[in-house]
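*Asks:* Sharing a structure with you now.
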Amino acid sequence: MDGSWPSDILTEILLKLPVKSIIRFKCVAQTWCHLFRNPRFISQHLSISKKNKRLVVYHLTGNNDNFVMRLFVHQALVFYHDLHLPSHFASIDFLEFYVDNGLFCLHDPQNSVLALWNPATREFKILPECNQNIRPNESTYFVGTLGFGLDPLSNDYKVVYIQKYLDSQTDIEEPAHYAIYSMSSGSWREFKDEDVEFLRDYEVCGNNNNACLNGVYYWHTYKYINSSFNFVFKVLAFDLSTEVFQLIDSPFPERCGHLLPLHDRIAIWDTDSVVDMEISNEVWVLNDDGRHWAKVLKIEIAVLQVHKMFGFWKNGKVLVESVTGQLVLYDLEKEEAKEVCIHNREGGNLLFVHTYEESLIAIGNE
């Protein structure tokens with residue numbers, strides 16, 4: 001690879017470089033350019049990058065009512081810089097986004113535009129229109145819910161798109177349309193009616209409380225059980241490899257929780273249960289059988305009122321949002337709360353937090 005350095009030692013050095021430096025070094029030699037595109041090198045670089053996970057926060061500022069996306073530079077959560085979105089998404093009022101292995105799936109819900117973006121390599125691709133045969137009229141109200149993650153068997157990234165339409169004039173609701181996009185093929189596949197018929201009575205919850213783990217995407221879902229607007233919650237799981245949906249009973253079917261990974265298991269944080277005038281903050285994990293849940297801990301936070309819990313960070317600390325809109329890092333052992341320099345406008349679910357690591361993964365825009 002280079003006359004003065006053994007190739008294995010040089011590779012080990014290059015693997016530790018940030019993506020920005022690797023891109024700059026592509027022009028050094030053709031062999032380096034080929035190396036940086038090698039799937040094994042990309043996978044090894046991602047594994048190293050995951051050891052230094054960072055935090056991406058998208059929130060509504062209290063001053064001018066603008067949404068901003070910020071990336072913390074280090075795990076200490078002290079310094080950050082703004083992430084500048086691609087041109088289409090920089091000008092919209094609000095976006096939804098999902099992060100997996102350094103790739104962002106961006107969603108403009110108002111205009112039904114989807115895109116893939118790698119901030120480290122600056123690659124960006126708007127996805128083709130999904131369900132082009134559906135042409136709602138002007139009176140149609142549209143709701144879209146997404147999932148995004150890696151199919152570990154094919155090493156392919158996939159987007160699940162659930163679309164629902166309601167005619168605001170007639171109040172007639174169309175059955176949900178389910179489709180999946182494959183990054184390797186660059187195309188959508190619509191699910192047959194019989195594949196999703198068992199989900200007809202269910203509403204899939206919004207995207208802020210869902211998670212992807214080990215090639216399975218999880219949503220909260222619910223259905224009405226009587227005319228008094230009582231409903232039952234379940235967990236909807238989608239295997240990105242087999243492309244099959246499955247309903248799982250929730251440990252607390254009467255309310256919604258927050259889904260997120262916990263020690264390589266999918267967990268539900270119960271942030272809506274109130275016991276003796278205090279939120280319970282119980283954590284349940286899904287057992288290996290994929291059907292039953294076990295309560296593993298109850299998080300006691302005595303020094304502040306919690307609006308939402310985002311998950312564990314490092315050294316047993318938990319990221320939460322206070323009722324005043326402040327992002328807080330709470331030490332469970334010391335029972336100490338440290339404010340992170342992010343303050344959301346008080347009220348509403350307008351603070352979004354994701355972990356992020358740089359990657360060289362290409363999004364297939366060539």
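As shown in the structure tokens, the chain order sets the letters A, B, ...; within each chain, residues go from 1, and ligands are also counted from 1 in the order they appear.
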Pick out the residues sitting within 12 Å of A:Ile342, and hand them over as a PyMOL selection string; count only C-alpha atoms, and ignore anything fewer than 4 positions along from it in its own chain.
*Replies:* chain A and resi 55-62+68-72+77-81+319-322+324-329+338+346+351-353
*Asks:* Grab the atom CA of A:Ser7 to atom CA of A:Leu360 distance for me, in Å with one decimal place.
*Replies:*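 Separating atom CA of A:Ser7 from atom CA of A:Leu360 is a distance of 20.0 Å.
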*Asks:* One decimal, in Å: what's the spacing between atom CA of A:Val99 and atom CA of A:Asn287?
*Replies:*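 These atoms are spaced 24.9 Å apart.
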*Asks:* Residues of stretch 72-314 of chain A classed as strand (DSSP E) by DSSP on the backbone are to be reported as a PyMOL selection string.
*Replies:* chain A and resi 72+80-82+96-100+103-108+113-118+123-126+140-151+156-167+177-182+187-190+203-204+211-213+216-224+231-239+244-249+258-262+265-270+274-275+278-279+282-286+293-298+306-312
*Asks:* Excluding A:Ser154 and its own-chain neighbours fewer than 3 positions away, which residues fall within 10 Å of it when counting only C-alpha atoms? Please give them as a compact mmCIF listing (two decimals) with C-alpha atoms, in the first residue's frame.
*Replies:*
```txt
# COMPACT_ATOMS: atom_id res chain seq x y z
CA LEU A 150 -30.32 -2.03 9.03
CA ASP A 151 -31.28 -5.47 7.79
CA TYR A 157 -30.76 -0.21 5.03
CA SER A 184 -29.65 -1.39 -2.25
CA LEU A 240 -36.25 -5.90 8.58
CA SER A 241 -34.86 -9.20 7.25
```
